[in-house]
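S.K.: Below you'll find model.cif; it's mmCIF, C-alpha atoms.
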```cif
data_run
#
loop_
_atom_site.label_atom_id
_atom_site.label_comp_id
_atom_site.auth_asym_id
_atom_site.auth_seq_id
_atom_site.Cartn_x
_atom_site.Cartn_y
_atom_site.Cartn_z
CA MET C 7 0.00 0.00 0.00
CA SER C 8 1.05 3.58 -0.60
CA GLU C 9 2.03 5.84 2.27
CA VAL C 10 -1.32 7.69 2.03
CA ALA C 11 -3.30 4.43 1.97
CA ASN C 12 -1.38 3.22 5.02
CA LEU C 13 -2.13 6.46 6.84
CA TYR C 14 -5.83 6.15 5.98
CA GLN C 15 -5.90 2.58 7.26
CA GLU C 16 -4.05 3.47 10.48
CA ARG C 17 -6.48 6.26 11.23
CA LEU C 18 -9.54 4.13 10.59
CA GLU C 19 -8.18 1.37 12.79
CA ARG C 20 -7.38 3.84 15.58
CA VAL C 21 -10.90 5.27 15.64
CA PHE C 22 -12.80 2.00 15.28
CA LYS C 23 -10.72 0.31 17.98
CA ALA C 24 -11.92 3.03 20.32
CA PHE C 25 -15.47 2.54 19.01
CA ASN C 26 -15.12 -1.12 20.00
CA LEU C 27 -13.98 -0.08 23.51
CA GLU C 28 -10.45 -1.29 22.82
CA GLN C 29 -7.20 0.56 23.36
CA PRO C 30 -5.60 1.87 20.15
CA ASP C 31 -1.98 3.01 19.85
CA ARG C 32 -2.96 6.51 20.95
CA VAL C 33 -6.08 8.57 21.65
CA PRO C 34 -7.82 9.20 18.31
CA LEU C 35 -8.42 12.82 17.32
CA LEU C 36 -11.77 13.60 15.74
CA GLY C 37 -12.19 16.96 14.01
CA THR C 38 -15.67 18.22 14.86
CA TYR C 39 -15.43 21.44 12.95
CA GLY C 40 -18.47 23.20 11.55
CA SER C 41 -18.33 26.62 9.96
CA TRP C 42 -14.98 27.19 11.68
CA CYS C 43 -13.49 25.45 8.61
CA ALA C 44 -14.68 28.40 6.49
CA GLU C 45 -13.29 30.89 9.01
CA PHE C 46 -9.94 29.06 9.09
CA ALA C 47 -9.67 29.29 5.30
CA GLY C 48 -10.60 32.97 5.20
CA TYR C 49 -14.14 32.55 3.84
CA THR C 50 -17.54 33.33 5.27
CA ASP C 51 -19.82 30.40 6.03
CA ALA C 52 -22.26 31.58 3.35
CA GLU C 53 -19.50 31.59 0.72
CA THR C 54 -18.76 27.91 1.34
CA ASN C 55 -22.48 27.11 1.22
CA TRP C 56 -22.83 28.65 -2.23
CA ASP C 57 -19.44 27.83 -3.73
CA MET C 58 -18.34 24.25 -3.22
CA GLU C 59 -14.84 24.98 -4.50
CA LYS C 60 -14.42 27.20 -1.44
CA GLY C 61 -15.86 24.41 0.69
CA ARG C 62 -13.28 22.04 -0.80
CA LYS C 63 -10.40 24.43 -0.16
CA ALA C 64 -11.53 24.93 3.44
CA MET C 65 -11.72 21.16 4.10
CA MET C 66 -8.31 20.60 2.51
CA LYS C 67 -6.75 23.33 4.64
CA VAL C 68 -8.19 21.70 7.77
CA VAL C 69 -7.00 18.18 6.96
CA THR C 70 -3.51 19.34 6.01
CA GLU C 71 -2.86 21.82 8.83
CA ILE C 72 -4.66 20.37 11.87
CA PRO C 73 -3.34 17.18 13.50
CA LEU C 74 -6.32 14.80 13.15
CA ASP C 75 -7.31 11.18 12.61
CA MET C 76 -10.73 11.82 11.16
CA VAL C 77 -13.23 14.58 10.38
CA HIS C 78 -16.82 14.05 11.39
CA ARG C 79 -18.47 15.44 8.23
CA TYR C 80 -18.25 17.76 5.25
CA PHE C 81 -19.35 21.00 6.92
CA PRO C 82 -21.13 23.33 4.44
CA ARG C 83 -24.92 23.36 3.99
CA PRO C 84 -26.46 23.02 0.52
CA GLY C 85 -27.37 26.67 -0.08
CA GLY C 86 -28.47 25.92 -3.65
CA VAL C 87 -31.21 23.57 -2.44
CA TYR C 88 -32.61 26.22 -0.07
CA GLN C 89 -32.57 28.79 -2.88
CA ALA C 90 -34.18 26.55 -5.50
CA LEU C 91 -37.10 25.71 -3.21
CA GLY C 92 -37.50 29.05 -1.44
CA SER C 93 -36.80 27.71 2.06
CA LYS C 94 -38.56 29.63 4.81
CA ALA C 95 -36.83 27.80 7.67
CA PHE C 96 -33.23 28.46 6.61
CA HIS C 97 -32.12 31.70 5.12
CA TYR C 98 -29.08 33.93 4.95
CA LEU C 99 -29.24 37.34 6.58
CA SER C 100 -26.23 38.54 4.60
CA ASP C 101 -23.34 37.15 2.61
CA SER C 102 -21.30 36.74 5.76
CA THR C 103 -23.57 34.98 8.25
CA VAL C 104 -24.23 31.33 8.85
CA ALA C 105 -27.61 29.98 7.75
CA GLN C 106 -30.24 31.26 10.16
CA TYR C 107 -32.92 29.01 11.60
CA SER C 108 -36.11 30.45 13.03
CA ASP C 109 -38.42 28.69 15.49
CA GLU C 110 -41.26 30.87 14.24
CA HIS C 111 -40.85 29.50 10.73
CA ALA C 112 -40.77 25.97 12.15
CA GLN C 113 -44.40 26.30 13.24
CA ILE C 114 -45.94 24.83 10.11
CA MET C 115 -48.23 22.19 11.55
CA THR C 116 -51.20 22.64 13.90
CA ALA C 117 -51.93 20.48 16.94
CA ASP C 118 -55.18 19.22 15.44
CA GLU C 119 -53.23 17.74 12.53
CA TYR C 120 -51.46 15.13 14.71
CA PRO C 121 -53.95 12.32 13.87
CA GLU C 122 -53.55 12.91 10.13
CA PHE C 123 -49.77 12.99 10.55
CA ALA C 124 -49.76 9.77 12.58
CA LYS C 125 -51.93 7.98 10.03
CA ASP C 126 -49.30 8.32 7.28
CA PRO C 127 -46.30 10.49 8.15
CA PHE C 128 -44.66 10.33 4.73
CA LYS C 129 -47.85 11.33 2.95
CA PHE C 130 -48.22 14.23 5.39
CA LEU C 131 -44.64 15.34 4.81
CA VAL C 132 -45.07 15.38 1.06
CA GLU C 133 -48.51 16.92 0.83
CA LYS C 134 -48.63 19.25 3.85
CA ILE C 135 -45.20 19.99 5.25
CA LEU C 136 -43.19 20.64 2.10
CA PRO C 137 -45.51 23.26 0.54
CA ARG C 138 -45.60 25.10 3.88
CA LYS C 139 -41.85 24.93 4.35
CA TYR C 140 -40.82 25.97 0.84
CA ALA C 141 -42.41 28.92 -0.96
CA GLU C 142 -41.75 27.49 -4.41
CA LEU C 143 -43.55 24.23 -3.61
CA ALA C 144 -46.73 26.12 -2.73
CA LYS C 145 -47.01 27.66 -6.18
CA PRO C 146 -49.30 26.28 -8.89
CA SER C 147 -48.17 23.69 -11.41
CA PRO C 148 -45.85 23.53 -13.23
CA VAL C 149 -43.80 25.94 -11.09
CA LYS C 150 -43.77 23.67 -8.05
CA GLU C 151 -42.76 20.57 -10.02
CA LEU C 152 -39.98 22.50 -11.72
CA ALA C 153 -38.79 23.80 -8.35
CA LEU C 154 -38.81 20.26 -6.94
CA ALA C 155 -36.76 19.08 -9.92
CA LYS C 156 -34.36 22.01 -9.66
CA GLY C 157 -33.91 21.32 -5.94
CA ALA C 158 -33.28 17.64 -6.73
CA MET C 159 -30.58 18.60 -9.22
CA LYS C 160 -28.93 20.87 -6.66
CA PHE C 161 -29.25 18.13 -4.04
CA GLY C 162 -27.67 15.59 -6.41
CA MET C 163 -24.87 17.98 -7.35
CA PHE C 164 -24.20 18.69 -3.67
CA GLY C 165 -24.00 14.94 -2.97
CA ALA C 166 -21.71 14.28 -5.92
CA GLN C 167 -19.39 17.21 -5.22
CA SER C 168 -19.18 16.66 -1.47
CA GLY C 169 -18.53 12.96 -2.21
CA ALA C 170 -15.67 13.96 -4.50
CA ILE C 171 -14.24 16.22 -1.79
CA VAL C 172 -14.42 13.40 0.76
CA GLY C 173 -12.74 11.10 -1.79
CA ALA C 174 -9.98 13.66 -2.32
CA MET C 175 -9.40 13.96 1.44
CA ALA C 176 -8.95 10.20 1.60
CA GLY C 177 -6.99 9.77 -1.63
CA GLN C 178 -4.62 12.72 -1.27
CA TYR C 179 -4.18 12.99 2.48
CA GLY C 180 -5.38 9.68 3.96
CA MET C 181 -8.09 11.46 5.96
CA PRO C 182 -11.32 9.49 6.62
CA LYS C 183 -14.76 10.98 7.31
CA LEU C 184 -16.83 9.53 10.13
CA VAL C 185 -20.51 10.11 9.41
CA ASP C 186 -22.38 8.31 6.62
CA ALA C 187 -25.94 9.36 7.51
CA THR C 188 -27.79 11.83 9.72
CA ILE C 189 -31.12 11.28 11.41
CA ILE C 190 -33.17 13.17 14.00
CA HIS C 191 -35.28 11.60 16.74
CA SER C 192 -38.94 11.79 15.79
CA MET C 193 -39.81 14.03 18.77
CA ASP C 194 -36.96 16.45 18.01
CA TRP C 195 -38.00 16.47 14.36
CA ILE C 196 -41.62 17.31 15.17
CA ALA C 197 -40.65 19.96 17.73
CA ASP C 198 -37.78 21.59 15.85
CA PHE C 199 -39.19 21.54 12.34
CA PHE C 200 -42.98 21.11 12.35
CA ARG C 201 -44.49 22.49 15.57
CA GLY C 202 -41.78 24.74 16.98
CA ILE C 203 -40.26 24.19 20.41
CA LYS C 204 -42.79 26.31 22.34
CA ASN C 205 -45.77 24.57 20.78
CA ALA C 206 -44.27 21.12 21.30
CA PHE C 207 -43.97 21.77 25.02
CA MET C 208 -47.60 22.85 25.15
CA ASP C 209 -48.56 19.67 23.24
CA ILE C 210 -46.96 17.56 26.00
CA ARG C 211 -49.63 18.91 28.35
CA ARG C 212 -52.57 19.58 26.03
CA CYS C 213 -52.56 16.62 23.64
CA PRO C 214 -50.08 14.05 24.98
CA GLY C 215 -51.83 11.08 23.36
CA GLU C 216 -51.78 12.61 19.91
CA LEU C 217 -48.16 13.70 20.27
CA LEU C 218 -47.07 10.25 21.42
CA ALA C 219 -48.95 8.56 18.56
CA ALA C 220 -47.23 10.88 16.07
CA ILE C 221 -43.78 10.14 17.56
CA GLU C 222 -44.41 6.39 17.42
CA ALA C 223 -45.71 6.53 13.85
CA PHE C 224 -42.80 8.69 12.71
CA THR C 225 -40.02 6.56 14.22
CA PRO C 226 -40.05 3.84 11.49
CA LEU C 227 -39.67 6.56 8.88
CA VAL C 228 -36.73 8.04 10.79
CA ILE C 229 -35.07 4.61 10.78
CA ARG C 230 -35.76 4.19 7.11
CA PHE C 231 -34.35 7.66 6.39
CA GLY C 232 -31.10 6.56 8.01
CA MET C 233 -31.04 3.22 6.20
CA SER C 234 -31.71 4.85 2.84
CA GLN C 235 -28.73 7.17 3.29
CA LEU C 236 -26.54 4.28 4.40
CA ASN C 237 -27.63 2.13 1.46
CA MET C 238 -26.27 4.76 -0.91
CA VAL C 239 -22.81 4.51 0.68
CA PRO C 240 -20.56 1.83 -0.86
CA PRO C 241 -19.63 -1.15 1.37
CA LYS C 242 -17.01 -0.30 3.98
CA GLN C 243 -14.33 -2.21 5.85
CA TYR C 244 -15.64 -0.95 9.19
CA PRO C 245 -19.27 -0.42 10.23
CA LYS C 246 -21.07 2.50 8.66
CA VAL C 247 -21.93 5.36 10.99
CA VAL C 248 -25.16 7.28 11.49
CA TYR C 249 -25.31 10.27 13.74
CA ILE C 250 -28.23 11.68 15.66
CA PRO C 251 -28.09 15.10 17.31
CA MET C 252 -30.53 15.17 20.23
CA HIS C 253 -32.04 18.39 21.34
CA LEU C 254 -35.02 18.09 23.68
CA PRO C 255 -34.18 15.47 26.36
CA THR C 256 -32.47 17.66 28.90
CA MET C 257 -35.34 20.16 28.67
CA LEU C 258 -37.89 17.43 29.46
CA LYS C 259 -39.02 16.24 32.86
CA THR C 260 -37.72 12.72 33.43
CA SER C 261 -41.27 11.33 33.37
CA ASP C 262 -41.84 12.99 29.97
CA PHE C 263 -38.49 11.69 28.70
CA ASN C 264 -39.53 8.19 29.74
CA LYS C 265 -42.84 8.52 27.98
CA PHE C 266 -42.12 10.50 24.81
CA TYR C 267 -38.42 10.14 24.03
CA TRP C 268 -36.65 7.13 25.46
CA PRO C 269 -38.72 4.26 23.93
CA SER C 270 -38.22 5.54 20.37
CA PHE C 271 -34.58 6.37 20.96
CA LYS C 272 -33.91 2.89 22.32
CA LYS C 273 -35.74 1.37 19.36
CA ILE C 274 -33.59 3.39 16.95
CA MET C 275 -30.37 2.37 18.72
CA GLU C 276 -31.33 -1.30 18.86
CA PHE C 277 -32.33 -1.33 15.21
CA PHE C 278 -29.01 0.05 13.98
CA ALA C 279 -27.06 -2.22 16.31
CA SER C 280 -28.91 -5.20 14.80
CA GLN C 281 -27.69 -4.06 11.35
CA ASP C 282 -24.08 -3.73 12.59
CA ILE C 283 -24.21 0.02 12.13
CA ASN C 284 -22.54 2.31 14.64
CA VAL C 285 -24.40 5.32 15.98
CA VAL C 286 -23.01 8.64 17.19
CA PRO C 287 -25.69 10.22 19.39
CA ILE C 288 -24.97 13.81 20.26
CA TYR C 289 -26.06 14.11 23.88
CA GLU C 290 -26.78 17.83 23.92
CA GLY C 291 -26.96 19.40 27.39
CA ASP C 292 -26.30 17.53 30.63
CA TRP C 293 -27.57 13.94 30.40
CA SER C 294 -26.49 12.89 33.91
CA ARG C 295 -30.16 12.25 34.84
CA TYR C 296 -30.28 9.64 32.08
CA TYR C 297 -27.03 7.68 32.51
CA ASP C 298 -28.96 4.70 33.91
CA HIS C 299 -31.09 4.70 30.79
CA LEU C 300 -28.03 4.83 28.54
CA GLN C 301 -26.59 1.75 30.25
CA GLU C 302 -29.39 -0.21 28.55
CA LEU C 303 -28.14 0.62 25.04
CA PRO C 304 -26.40 -2.08 22.98
CA ALA C 305 -22.76 -2.36 24.06
CA LYS C 306 -19.92 -1.42 21.71
CA LYS C 307 -22.27 -0.04 19.08
CA SER C 308 -22.13 3.69 19.69
CA MET C 309 -19.91 6.64 20.41
CA GLY C 310 -21.58 9.02 22.84
CA TRP C 311 -20.70 12.59 21.99
CA PHE C 312 -21.28 14.44 25.26
CA GLU C 313 -21.68 18.18 25.65
CA TYR C 314 -21.60 18.46 29.43
CA GLY C 315 -21.17 16.17 32.44
CA ASN C 316 -18.62 14.87 34.89
CA PRO C 317 -16.11 12.92 32.77
CA LYS C 318 -15.26 10.50 35.59
CA GLU C 319 -18.91 9.71 36.23
CA ILE C 320 -19.51 9.21 32.49
CA LYS C 321 -16.48 6.92 32.21
CA ASP C 322 -17.51 4.91 35.29
CA LYS C 323 -21.15 4.53 34.34
CA LEU C 324 -20.99 4.26 30.56
CA GLY C 325 -17.43 3.18 29.75
CA ASP C 326 -18.48 -0.46 29.31
CA THR C 327 -21.40 0.46 27.06
CA MET C 328 -20.16 3.07 24.64
CA CYS C 329 -17.09 4.83 23.34
CA ILE C 330 -16.94 8.27 24.96
CA SER C 331 -16.15 11.52 23.17
CA GLY C 332 -16.79 15.25 23.43
CA LEU C 333 -16.77 17.23 26.71
CA TYR C 334 -13.91 19.49 25.60
CA PRO C 335 -15.39 23.03 25.75
CA ALA C 336 -15.37 24.66 22.32
CA THR C 337 -15.69 28.07 23.99
CA LEU C 338 -12.31 27.58 25.67
CA LEU C 339 -10.72 27.27 22.24
CA GLN C 340 -12.30 30.58 21.36
CA PHE C 341 -11.55 32.56 24.51
CA GLY C 342 -8.86 30.69 26.46
CA THR C 343 -5.09 30.97 26.43
CA LYS C 344 -3.02 28.21 24.87
CA GLU C 345 -1.92 27.08 28.33
CA GLU C 346 -5.51 26.90 29.61
CA CYS C 347 -6.58 24.95 26.53
CA ILE C 348 -3.79 22.38 26.91
CA ALA C 349 -4.44 22.01 30.66
CA LYS C 350 -8.09 21.16 29.97
CA ALA C 351 -7.10 18.63 27.31
CA LYS C 352 -4.69 16.95 29.76
CA GLU C 353 -7.42 16.79 32.42
CA LEU C 354 -9.83 15.03 30.05
CA VAL C 355 -7.26 12.64 28.60
CA ASP C 356 -6.08 11.65 32.09
CA ILE C 357 -9.63 10.69 33.08
CA LEU C 358 -11.08 9.31 29.87
CA ALA C 359 -8.20 7.70 27.99
CA PRO C 360 -7.13 4.85 30.35
CA GLY C 361 -8.17 1.49 28.92
CA GLY C 362 -9.29 2.93 25.56
CA GLY C 363 -12.84 3.53 24.36
CA TYR C 364 -12.21 7.26 24.09
CA VAL C 365 -12.07 9.64 21.13
CA PHE C 366 -10.92 13.23 21.69
CA CYS C 367 -13.20 15.93 20.29
CA THR C 368 -14.96 19.12 21.35
CA ASP C 369 -18.30 19.25 23.16
CA LYS C 370 -20.04 20.61 20.08
CA GLU C 371 -19.23 21.56 16.51
CA ILE C 372 -16.84 24.50 16.39
CA ILE C 373 -18.39 27.55 14.76
CA THR C 374 -15.61 29.96 15.62
CA GLY C 375 -12.31 29.64 17.47
CA LYS C 376 -8.62 30.48 17.58
CA ALA C 377 -6.69 28.33 15.11
CA GLU C 378 -3.53 28.47 17.26
CA ASN C 379 -5.44 26.98 20.22
CA ILE C 380 -7.00 24.21 18.13
CA ILE C 381 -3.67 23.26 16.61
CA ALA C 382 -1.88 23.38 19.98
CA VAL C 383 -4.49 21.19 21.70
CA ASN C 384 -4.57 18.58 18.94
CA LYS C 385 -0.79 18.49 18.79
CA PHE C 386 -0.69 18.02 22.55
CA VAL C 387 -3.24 15.17 22.57
CA LYS C 388 -1.48 13.46 19.67
CA GLU C 389 1.76 13.36 21.69
CA TYR C 390 0.41 13.02 25.24
CA GLY C 391 -2.30 10.49 24.35
CA ILE C 392 0.07 7.69 23.37
CA TYR C 393 -0.79 4.48 25.25
CA MET H 9 -61.24 16.38 -11.36
CA VAL H 10 -58.12 14.54 -10.33
CA GLU H 11 -56.55 15.90 -7.15
CA GLU H 12 -53.26 17.56 -7.86
CA LYS H 13 -50.37 16.20 -5.84
CA LEU H 14 -46.77 17.16 -5.52
CA LEU H 15 -45.59 13.57 -5.49
CA ILE H 16 -47.16 10.14 -5.35
CA SER H 17 -46.83 9.15 -1.73
CA TRP H 18 -45.45 5.80 -0.66
CA SER H 19 -48.82 4.79 0.78
CA ASP H 20 -50.43 5.34 -2.62
CA ILE H 21 -47.74 3.27 -4.29
CA VAL H 22 -48.41 0.45 -1.84
CA LYS H 23 -52.14 0.63 -2.62
CA GLN H 24 -51.32 0.01 -6.28
CA HIS H 25 -48.56 -2.52 -5.54
CA PRO H 26 -49.47 -4.35 -2.33
CA GLU H 27 -46.58 -6.79 -2.85
CA LEU H 28 -44.22 -3.93 -1.88
CA ALA H 29 -45.79 -3.56 1.53
CA ASP H 30 -43.97 -6.63 2.82
CA ASN H 31 -40.67 -4.85 2.32
CA ASP H 32 -41.71 -1.81 4.24
CA PRO H 33 -42.40 0.54 5.98
CA ALA H 34 -39.67 0.49 8.58
CA ILE H 35 -36.54 -0.63 6.84
CA GLY H 36 -36.72 0.09 3.15
CA ILE H 37 -33.62 -1.93 2.39
CA ASN H 38 -35.24 -3.50 -0.65
CA TRP H 39 -35.68 -0.21 -2.45
CA ASP H 40 -33.50 0.27 -5.48
CA ILE H 41 -30.99 3.06 -5.43
CA GLY H 42 -33.12 5.51 -7.46
CA GLN H 43 -36.00 5.19 -5.07
CA GLU H 44 -33.65 5.53 -2.13
CA MET H 45 -32.40 8.82 -3.52
CA VAL H 46 -35.91 10.18 -4.10
CA PHE H 47 -36.96 9.12 -0.62
CA VAL H 48 -33.86 10.67 0.97
CA TYR H 49 -34.29 13.89 -1.02
CA VAL H 50 -37.94 14.35 -0.10
CA THR H 51 -37.42 13.42 3.55
CA PHE H 52 -34.32 15.61 3.73
CA LEU H 53 -36.47 18.56 2.63
CA ALA H 54 -38.79 17.98 5.57
CA LEU H 55 -35.78 18.12 7.89
CA PHE H 56 -33.36 20.73 6.62
#
```
Re-express the file's structure as structure tokens.
M.R.:
Amino acid sequence: MSEVANLYQERLERVFKAFNLEQPDRVPLLGTYGSWCAEFAGYTDAETNWDMEKGRKAMMKVVTEIPLDMVHRYFPRPGGVYQALGSKAFHYLSDSTVAQYSDEHAQIMTADEYPEFAKDPFKFLVEKILPRKYAELAKPSPVKELALAKGAMKFGMFGAQSGAIVGAMAGQYGMPKLVDATIIHSMDWIADFFRGIKNAFMDIRRCPGELLAAIEAFTPLVIRFGMSQLNMVPPKQYPKVVYIPMHLPTMLKTSDFNKFYWPSFKKIMEFFASQDINVVPIYEGDWSRYYDHLQELPAKKSMGWFEYGNPKEIKDKLGDTMCISGLYPATLLQFGTKEECIAKAKELVDILAPGGGYVFCTDKEIITGKAENIIAVNKFVKEYGIY
Amino acid sequence: MVEEKLLISWSDIVKQHPELADNDPAIGINWDIGQEMVFVYVTFLALF
């Protein structure tokens, strides 16, 4: 094998050993960089959303200048799709800002529509949600069909071009990408994109039965959405990876979590484990109330990406169930000194690295930050994290 | 007058082709790649 191919293989092996709760040669470094990639390359986020050549240059700068074993995903959003369809939920306030999301624009379904939604979620998505979410899809024929086709072309071009960029990262620099598919828990999806957060919390009290029926009916479609994305990815040497950012749980009362969220989440996790697919749940907020729940998840089938929590408690309670990652505060990289940043990295590595099953990354995607801090921390972990 | 629809929904397809129902609705692993892409595209729009 060539030197690049060897490097690619080494990096994959390092990360997936940790996934399997084994001890690799050193702590793997996962690059969880969002629009910071654009910032690092001297572009605005919007520029990389519209111009994929700038997105490519930004990714290449990251993988060549930051010590890493893997990047989690190709970061830009498909601006062309939003434009073709007239997205109301995501829009750009100026050329320089990141895509803006508005909870007000997410309120596109009424509470009395839950039964219709639960009866056939996909039919409801196609016939009710899409025309409300996209201005062009609410227009008369043939404008809406043309917009749908134009959006599909943009979507296909985005997939092909981002695939080529990922291929170039692997072929030229031996840098793998972690995530093969993205899904959202059915309750998060309904709250974040159809009802709005405020309305969803009222629904918990005012129409709990209808909300629960909608969540249960939607969950198979969520699973299928993940499988469909994974089926389009060529066979891989290691398990494919689906990731699931989770938004609502730490805002829910535990009794509501038990009723509305946990059963579907467990079903999703068990399904993907049965297909030998690894899951990266993003445990947004402080999940310490739910660690006992998480102990019930299939062992060695997921990498928990934690935002907050006591690292020792997480390691003790969940270290035999899942690979642990995250917890490194992204804000420290933005505002801290180099010394403070390295001290925090040492603290986490000392607690989480022993015995393996640990991947170093930040607590959330990095939107902005000091490049010198990011480079210094990754360089430190690469050297200090040798087993 | 025929009702105008944006797309033919999966449930309508199953009504016309009940043999497909056995392969669905949860997993979808028997869909061919073209259908997978259409499904992902349409569902993606409802998300992002």
S.K.: Quick one: apply the PyMOL selection byres ((chain C) within 7 of (chain H)) to the file and drop the selected residues here as a list in words.
M.R.: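 Evaluating the PyMOL selection byres ((chain C) within 7 of (chain H)) on these coordinates yields Phe128, Lys129, Leu131, Val132, Glu133, Ile135, Leu136, Glu151, Ala158, Phe199, Pro226, Leu227, Ile229, Arg230, Phe231, Met233, Ser234, Gln235 and Met238 of chain C.
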S.K.: Kindly save the residues from that selection, with C-alpha atoms included, as an mmCIF file, in the coordinates of the input.
M.R.:
```cif
data_model
loop_
_atom_site.group_PDB
_atom_site.id
_atom_site.type_symbol
_atom_site.label_atom_id
_atom_site.label_comp_id
_atom_site.auth_asym_id
_atom_site.auth_seq_id
_atom_site.Cartn_x
_atom_site.Cartn_y
_atom_site.Cartn_z
ATOM 1 C CA PHE C 128 -44.660 10.330 4.730
ATOM 2 C CA LYS C 129 -47.850 11.330 2.950
ATOM 3 C CA LEU C 131 -44.640 15.340 4.810
ATOM 4 C CA VAL C 132 -45.070 15.380 1.060
ATOM 5 C CA GLU C 133 -48.510 16.920 0.830
ATOM 6 C CA ILE C 135 -45.200 19.990 5.250
ATOM 7 C CA LEU C 136 -43.190 20.640 2.100
ATOM 8 C CA GLU C 151 -42.760 20.570 -10.020
ATOM 9 C CA ALA C 158 -33.280 17.640 -6.730
ATOM 10 C CA PHE C 199 -39.190 21.540 12.340
ATOM 11 C CA PRO C 226 -40.050 3.840 11.490
ATOM 12 C CA LEU C 227 -39.670 6.560 8.880
ATOM 13 C CA ILE C 229 -35.070 4.610 10.780
ATOM 14 C CA ARG C 230 -35.760 4.190 7.110
ATOM 15 C CA PHE C 231 -34.350 7.660 6.390
ATOM 16 C CA MET C 233 -31.040 3.220 6.200
ATOM 17 C CA SER C 234 -31.710 4.850 2.840
ATOM 18 C CA GLN C 235 -28.730 7.170 3.290
ATOM 19 C CA MET C 238 -26.270 4.760 -0.910
#
```
S.K.: Residues around (-11.5, 26.8, 27.1), cut-off 9 Å, counting only C-alpha atoms - what are they as a VMD selection string?
M.R.: chain C and resid 334 to 344 346 to 348 350
S.K.: Name the residues in contact with Ala279 of chain C at a cut-off of 10 Å, using all atoms listed in the file, excluding same-chain residues fewer than 4 positions from it; report them as a list in words.
M.R.: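 Contacts, in chain order: Lys273, Ile274, Met275, Ile283, Asn284, Val285, Leu303, Pro304, Ala305, Lys306, Lys307 and Ser308 of chain C.
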S.K.: Residues picked by the PyMOL selection byres ((chain C and resi 11) around 10) here, as number ranges by chain?
M.R.: C: 7-10, 12-17, 176-181
S.K.: Step by step, work through what the PyMOL selection byres ((chain C and resi 361) around 12) selects in the shown file, and finish by giving those residues as a list in words.
M.R.: Lys23, Ala24, Asn26, Leu27, Glu28, Gln29, Pro30, Asp31, Arg32, Val33, Lys321, Asp322, Gly325, Asp326, Cys329, Ile330, Val355, Asp356, Ile357, Leu358, Ala359, Pro360, Gly362, Gly363, Tyr364, Val365, Gly391, Ile392 and Tyr393 of chain C
S.K.: Got a sec: who's within 12 Å of Tyr289 of chain C, counting all atoms listed in the file, leaving out chain neighbours fewer than 5 positions off, as a VMD selection string?
M.R.: chain C and resid 191 249 to 256 271 294 to 297 300 308 to 315 320 330 to 333 369 to 370
S.K.: To one decimal place in Å, what is the distance between atom CA of Gln281 of chain C and atom CA of Lys242 of chain C?
M.R.: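 Interatomic distance, atom CA of Gln281 of chain C to atom CA of Lys242 of chain C: 13.5 Å.
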S.K.: Given the choices C:Gly61, C:Phe266, C:Lys246, C:Val172, which gets closest to Leu217 of chain C if the distance is worked out from only C-alpha atoms?
M.R.: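 Using only C-alpha atoms, the shortest distance to Leu217 of chain C belongs to C:Phe266.
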S.K.: Report the distance between atom CA of Ala47 of chain C and atom CA of Gly162 of chain C in Å, rounded to one decimal place.
M.R.: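 That distance, rounded to one decimal, is 25.5 Å.
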S.K.: Using all atoms of segment 42-51 of chain H that appear in the file, construct an axis-aligned enclosing box with 6 Å of padding on every side and provide its centre coordinates and edge lengths in Å, rounded to one decimal, as JSON.
M.R.:
```
{"center_x": -35.2, "center_y": 9.8, "center_z": -2.0, "size_x": 17.5, "size_y": 21.2, "size_z": 23.0}
```
S.K.: Would you kindly return, as a list in words, each protein, DNA or RNA residue with an atom no farther than 8 Å from any atom of segment 154-157 of chain C, considering all atoms listed in the file and excluding same-chain residues fewer than 4 positions away?
M.R.: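 Listing them by chain and then by number gives Gly86, Val87, Tyr88, Ala90, Leu91, Leu143, Lys150 and Phe161 of chain C.
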S.K.: How many Å lie between atom CA of Ser261 of chain C and atom CA of Asp198 of chain C, rounded to one decimal?
M.R.: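 Separation between atom CA of Ser261 of chain C and atom CA of Asp198 of chain C: 20.6 Å.
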S.K.: Env of Phe130 of chain C: 10 Å cut, atoms = all atoms listed in the file, seq-sep filter 6 positions within chain, self excluded. Answer as a list in words.
M.R.: Glu119, Tyr120, Glu122, Phe123, Ala124 and Leu136 of chain C; Ser17 of chain H
S.K.: Near Val69 of chain C, counting all atoms listed in the file, which residues have an atom at most 12 Å away, once you skip same-chain residues fewer than 2 positions from it, shown as a ChimeraX atom specification?
M.R.: /C:35-39,43,46-47,62-67,71-80,171-172,174-176,178-183,381
S.K.: With N, CA and C atoms as the goal, would you fill in the gaps in segment 38-42 of chain C and present it as a PDB file, in the frame of the given file?
M.R.:
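Writing done, so here's part.pdb:
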```pdb
ATOM      1  N   THR C  38     -14.233  17.934  14.861  1.00  0.00           N
ATOM      2  CA  THR C  38     -15.670  18.220  14.860  1.00  0.00           C
ATOM      3  C   THR C  38     -15.878  19.695  14.525  1.00  0.00           C
ATOM      4  N   TYR C  39     -15.452  20.036  13.331  1.00  0.00           N
ATOM      5  CA  TYR C  39     -15.430  21.440  12.950  1.00  0.00           C
ATOM      6  C   TYR C  39     -16.586  21.759  12.005  1.00  0.00           C
ATOM      7  N   GLY C  40     -17.379  22.741  12.397  1.00  0.00           N
ATOM      8  CA  GLY C  40     -18.470  23.200  11.550  1.00  0.00           C
ATOM      9  C   GLY C  40     -17.989  24.360  10.697  1.00  0.00           C
ATOM     10  N   SER C  41     -18.673  25.497  10.826  1.00  0.00           N
ATOM     11  CA  SER C  41     -18.330  26.620   9.960  1.00  0.00           C
ATOM     12  C   SER C  41     -16.978  27.244  10.324  1.00  0.00           C
ATOM     13  N   TRP C  42     -16.344  26.734  11.386  1.00  0.00           N
ATOM     14  CA  TRP C  42     -14.980  27.190  11.680  1.00  0.00           C
ATOM     15  C   TRP C  42     -14.053  26.876  10.506  1.00  0.00           C
TER      16      TRP C  42
END
```
